[in-house]
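*Asks:* Please read through the structure below; I'll follow up with questions.
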Amino acid sequence: MIEVEQLTKRYGRTLAVDDISFTIEEGEVIGFLGPNGAGKSTVMNILTGCISASAGRAKINGIDILEDPSAVKKMIGYLPENPPLYVEMTPREYLSTVCDLKGVSRDQRKMKIERIMEKVGITHVSRRLIRNLSKGYRQRVGLAQAMIGDPDILILDEPTVGLDPGQIIGIRNLIADLGKKHTVVLSSHILSEVQAVCQRVMIISKGKIIASDRPEDLSRHLFGGNRLFITAAAAREQAESTVSKLTGIIDYKIEAGEEHDTVNVYFNADDDRDIRRDVFNAFAEAGTPLLMMRPIDMSLEEIFLDLTRSEVEL
Amino acid sequence: MRAVYKKELKTYFLTPGGYIFMGAFLLIAGLFFTLQNLFSGSSDYSSVLGSLILIFLLVVPILTMRLFTEEKRQKTDILLLSSPVSIQGIVLGKFFAAVTVFLITLIITMLFPLLLSFHGRMDWAQIWGTYIGFFFLGSAFIAIGTYISEVAESQTSAAILTFSALLASWIIDYIRSFVPMSPLSGAIFILILLIAGLALFQRKAEDWRITAAAGVVLLIGVIIVYAAAQESLYGLISKSISWFSLTSRFQRFSMGILRLDAVVYYISFSAFFLYLTGSRIENRRWS
């Protein structure tokens, strides 16, 4: 469990993290989403003890990072944006060095390294120098490094940056798999990635958390209500009269459909109300069949742009 | 600390750094030995040992230049900082790894007097004393190099700066004979140090009133000392400079005299620079 209270970090006069607080429960997979320079990496560096906060506190499993940094660091596996690799070593030598650094006991060390290498798919390159490995393999070695010591919490900063689409899918699957046993915090500016693997998203902009929710709920909570779009085989007046009989609608908009004698209707309904059946029945009873019905969800891209844009305007 | 030590020692022999250091050291030491002992048929090994200090100045930067600069460049310092190793552990691990490579090289050069001993009488007390002195002197040089590698941005600048610092510590005794000895010069020297100290204080405290008040109090203190106890300021610059003279304390070792004060001096000198290195890393985390 990660508890962050009023965390602030200043670099000289620049405010990188501005009084943020959040809690991450055990076993959650969380995504920090934000444009470059939003403060994601700074928060991660503070959580892993690489840098110190200017104010506020961070606790990992109840232990304050400043009070017992060594105990906290044992619970965390960290993959920074640039994997910290000793390129003159082979992955096997490197992981053995990381075992030394993390104080992993000597018994079964070899077996554990083998298992992790197999999991991230680097066994066949384990005897090559890291210097000669491709970006994708280096990223995997970095991920293996984070997994050494079987930490409760994995913090992954932009884990798929610079990878090709095949490698991205591979790493995503791996993260989803890791999320079953670990608490995972990952950062990204790629929205689909966060949507694909995270249970909760925190949108960070200019050092502040501007939204935090499940990816599918972000749109609903931020912009209110259930939004629905239908196309019906009806004249405008017919549609008007059918819609006016419906209850629980906050507002609606009717416009001519692309096909002849059809209309498109946009509904905005109460938050807790599922209007799909009512809409279907009303239009069926009016003899104006529905040709299409779909909920309107803002994509994470739209939400992100909307939120970060409004921050800019502020 | 052990983990960092092991990793660093391994890195010396996985990269050219360790080999270049040992190769250069042994090549130059071997040249001196060949020219001064073998070719001239002399068993006087002390002259070779005297020349070895000069080699230290040249090769110690090779040993220390990459210690922290490379970690910063490759961004692997994050791995060390996020692992459960303390900052002191990181610094000591790196320092002792460098000292180990240095010690191994020094031990190899012991073959030279061993070879000579088959053909003549050797002053073993002097040789052992010099080697022990070399070890402490070299460790102090390595501590300076470790600190500079943390300060410098690149390996090249670390090497140049370390070489300059070691050269300065070597010629410091020579410089000492030229500095003014009068009490007035001592007072001016203290004032310059005070101004530098106050400037540093002002950067931290950011309150000029406290700085100004501290400045006035200290200035009055200096004036009182100058007026009342002038003799204590006599030769102050020279005395202060001599604190940094690493080689002058080495002379006794080379005479075969093992003095505890010199050993304590070298150990505290190394500890001071290692402490500075650790503080700098800690500052970087907070800044």
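Numbering starts fresh at 1 for the residues of each chain in the structure tokens, the chains themselves are lettered A, B, ... in the order given, and ligands are numbered from 1 as they appear.
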Any idea what's packed within 8 Å of B:Val222, counting only C-alpha atoms, ignoring anything in its chain fewer than 5 positions away? Could you give it as a ChimeraX atom specification?

*Replies:* /B:187,190-191

*Asks:* At a cut-off of 8 Å, list the chain B residues touching chain A, using only C-alpha atoms, as a count of residues only.

*Replies:* 23

*Asks:* So which one's closest to A:Arg294, A:Leu228, A:Ile60, A:Ala269, A:Ala16? Using only C-alpha atoms, please.

*Replies:*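 Once distances to A:Arg294 are computed over only C-alpha atoms, the minimum belongs to A:Leu228.
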
*Asks:* Give me the residues near stretch 203-209 of chain A as a list in words, where near means some atom within 7 Å (using only C-alpha atoms) and where sequence neighbours in that chain fewer than 4 positions away do not count.

*Replies:*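 What passes the distance filter is Ala16, Val17, Asp18, Ile20, Phe32, Leu33, Gly34, Pro35, Ala38, Gly39, Lys40 and Thr308 of chain A.
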
*Asks:* With N, CA and C atoms kept, could you save the residues just selected as an mmCIF file, in the first residue's frame?

*Replies:*
```cif
data_model
loop_
_atom_site.group_PDB
_atom_site.id
_atom_site.type_symbol
_atom_site.label_atom_id
_atom_site.label_comp_id
_atom_site.auth_asym_id
_atom_site.auth_seq_id
_atom_site.Cartn_x
_atom_site.Cartn_y
_atom_site.Cartn_z
ATOM 1 N N ALA A 16 7.943 21.153 -9.243
ATOM 2 C CA ALA A 16 7.757 19.961 -10.083
ATOM 3 C C ALA A 16 6.563 19.139 -9.616
ATOM 4 N N VAL A 17 6.394 19.049 -8.295
ATOM 5 C CA VAL A 17 5.240 18.335 -7.735
ATOM 6 C C VAL A 17 4.584 19.281 -6.736
ATOM 7 N N ASP A 18 3.282 19.476 -6.903
ATOM 8 C CA ASP A 18 2.614 20.536 -6.147
ATOM 9 C C ASP A 18 1.574 19.957 -5.183
ATOM 10 N N ILE A 20 0.624 17.056 -3.701
ATOM 11 C CA ILE A 20 -0.299 15.995 -4.134
ATOM 12 C C ILE A 20 -0.454 14.927 -3.045
ATOM 13 N N PHE A 32 -0.041 6.450 -14.006
ATOM 14 C CA PHE A 32 0.152 7.908 -13.958
ATOM 15 C C PHE A 32 0.171 8.379 -15.403
ATOM 16 N N LEU A 33 -0.746 9.251 -15.696
ATOM 17 C CA LEU A 33 -0.840 9.707 -17.078
ATOM 18 C C LEU A 33 -0.577 11.205 -17.092
ATOM 19 N N GLY A 34 0.215 11.642 -18.009
ATOM 20 C CA GLY A 34 0.464 13.078 -18.054
ATOM 21 C C GLY A 34 1.427 13.421 -19.164
ATOM 22 N N PRO A 35 1.394 14.670 -19.608
ATOM 23 C CA PRO A 35 2.333 15.069 -20.650
ATOM 24 C C PRO A 35 3.765 15.029 -20.120
ATOM 25 N N ALA A 38 5.284 16.587 -16.609
ATOM 26 C CA ALA A 38 4.145 16.838 -15.710
ATOM 27 C C ALA A 38 4.490 16.567 -14.253
ATOM 28 N N GLY A 39 5.549 15.778 -14.029
ATOM 29 C CA GLY A 39 5.931 15.463 -12.642
ATOM 30 C C GLY A 39 5.798 13.984 -12.307
ATOM 31 N N LYS A 40 5.482 13.170 -13.321
ATOM 32 C CA LYS A 40 5.293 11.727 -13.075
ATOM 33 C C LYS A 40 6.582 11.080 -12.559
ATOM 34 N N THR A 308 -6.084 18.599 -19.637
ATOM 35 C CA THR A 308 -4.806 19.311 -19.661
ATOM 36 C C THR A 308 -4.967 20.663 -20.350
#
```

*Asks:* State, in Å with one decimal place, the distance from atom CA of B:Leu31 to atom CA of B:Ile55.

*Replies:*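 Between these atoms lies a distance of 11.3 Å.
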
*Asks:* Per DSSP on the backbone, filter stretch 88-247 of chain A down to the residues in helix (DSSP H, G or I) and report them as a ChimeraX atom specification.

*Replies:* /A:91-102,109-120,123-125,130-132,135-147,165-178,191-197,215-223,236-245

*Asks:* Neighbouring residues of B:Arg121 were defined as those with any atom within 10 Å, considering only C-alpha atoms; residues of the same chain fewer than 3 positions away were excluded. Please report them as a PDB file with C-alpha atoms, in the first residue's frame.

*Replies:*
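Contents of the output file selection-v7.pdb:
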```pdb
ATOM      1  CA  SER B  43      70.626  -2.583  -5.614  1.00  0.00           C
ATOM      2  CA  ASP B  44      69.479   0.852  -4.387  1.00  0.00           C
ATOM      3  CA  LEU B 116      67.054  -7.584  -6.294  1.00  0.00           C
ATOM      4  CA  SER B 117      67.263  -9.369  -2.967  1.00  0.00           C
ATOM      5  CA  PHE B 118      68.727 -12.421  -4.724  1.00  0.00           C
ATOM      6  CA  TRP B 124      63.765  -4.134   4.083  1.00  0.00           C
TER       7      TRP B 124
END
```

*Asks:* With distances taken over only C-alpha atoms, which residue among B:Val99, B:Leu38, B:Phe141, B:Leu115 lies nearest B:Ser169?

*Replies:* B:Phe141

*Asks:* Please determine, counting only C-alpha atoms, which residue among A:Pro91, A:Gly257, A:Leu246, A:Tyr252 has the shortest atom-to-atom distance to A:Phe280.

*Replies:*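 Smallest separation from A:Phe280 among the options: A:Leu246.
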
*Asks:* When distances are computed from only C-alpha atoms, which of B:Ile108, B:Met181, B:Ile90, B:Leu63 shows the smallest separation from B:Ser232?

*Replies:* B:Met181

*Asks:* So how many Å separate atom CA of B:Phe25 and atom CA of B:Ser242, to one decimal?

*Replies:* 27.7 Å

*Asks:* From a DSSP calculation on the backbone, collect every residue of stretch 48-286 of chain A in strand (DSSP E) and output the set as number ranges by chain.

*Replies:* A: 55-60, 63-64, 76-79, 153-157, 183-188, 200-205, 208-213, 226-232, 249-256, 263-269

*Asks:* List the neighbours of stretch 270-276 of chain A out to 10 Å using only C-alpha atoms; skip same-chain residues closer than 3 positions along the sequence, and give me the result as an mmCIF file with C-alpha atoms, in the first residue's frame.

*Replies:*
```cif
data_model
loop_
_atom_site.group_PDB
_atom_site.id
_atom_site.type_symbol
_atom_site.label_atom_id
_atom_site.label_comp_id
_atom_site.auth_asym_id
_atom_site.auth_seq_id
_atom_site.Cartn_x
_atom_site.Cartn_y
_atom_site.Cartn_z
ATOM 1 C CA ARG A 220 -18.852 9.713 -16.728
ATOM 2 C CA HIS A 221 -17.598 11.267 -13.517
ATOM 3 C CA GLY A 224 -21.611 13.948 -15.735
ATOM 4 C CA GLY A 225 -24.422 11.626 -16.687
ATOM 5 C CA ASN A 226 -25.014 8.767 -19.081
ATOM 6 C CA ARG A 227 -24.589 9.785 -22.608
ATOM 7 C CA LEU A 228 -26.318 7.904 -25.408
ATOM 8 C CA PHE A 229 -26.461 8.249 -29.152
ATOM 9 C CA ILE A 230 -29.235 6.765 -31.329
ATOM 10 C CA LEU A 246 -39.138 10.059 -21.653
ATOM 11 C CA THR A 247 -38.192 10.682 -18.023
ATOM 12 C CA GLY A 248 -34.734 11.090 -16.494
ATOM 13 C CA ILE A 249 -33.311 12.962 -19.466
ATOM 14 C CA ILE A 250 -31.216 15.999 -18.589
ATOM 15 C CA ASP A 251 -30.987 17.286 -22.135
ATOM 16 C CA PHE A 267 -29.129 12.029 -24.869
ATOM 17 C CA VAL A 279 -35.514 4.747 -25.253
ATOM 18 C CA PHE A 280 -35.839 1.500 -27.163
ATOM 19 C CA ASN A 281 -39.411 0.871 -25.969
ATOM 20 C CA MET A 293 -27.807 2.790 -30.393
ATOM 21 C CA ARG A 294 -24.449 3.289 -28.628
ATOM 22 C CA PRO A 295 -23.251 4.874 -25.400
#
```

*Asks:* With only C-alpha atoms as the counted atoms, please give the residues lying no more than 12 Å from stretch 105-107 of chain B, apart from itself and same-chain residues fewer than 4 positions off, as a PyMOL selection string.

*Replies:* chain B and resi 18-27+29-30+49+52-53+55-56+59-60+63+98-101+111-114+128+130-136+138-139

*Asks:* Show which residues sit within 6 Å of A:Leu129, as a list in words. Count only C-alpha atoms, and ignore same-chain residues fewer than 2 positions away.

*Replies:* Met89, Thr90, Arg131 and Asn132 of chain A

*Asks:* Only N, CA and C atoms, please: the residues just picked out, written as a PDB file, in the first residue's frame.

*Replies:*
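Once everything was written out, this is out00.pdb:
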```pdb
ATOM      1  N   MET A  89      28.287  -5.529 -18.806  1.00  0.00           N
ATOM      2  CA  MET A  89      27.985  -6.853 -18.245  1.00  0.00           C
ATOM      3  C   MET A  89      27.000  -7.592 -19.143  1.00  0.00           C
ATOM      4  N   THR A  90      26.893  -8.903 -18.933  1.00  0.00           N
ATOM      5  CA  THR A  90      25.835  -9.660 -19.600  1.00  0.00           C
ATOM      6  C   THR A  90      24.591  -9.558 -18.706  1.00  0.00           C
ATOM      7  N   ARG A 131      25.479  -4.163 -23.829  1.00  0.00           N
ATOM      8  CA  ARG A 131      25.835  -3.136 -24.824  1.00  0.00           C
ATOM      9  C   ARG A 131      25.338  -3.515 -26.222  1.00  0.00           C
ATOM     10  N   ASN A 132      25.359  -4.826 -26.512  1.00  0.00           N
ATOM     11  CA  ASN A 132      24.996  -5.288 -27.862  1.00  0.00           C
ATOM     12  C   ASN A 132      23.521  -5.646 -28.002  1.00  0.00           C
TER      13      ASN A 132
END
```
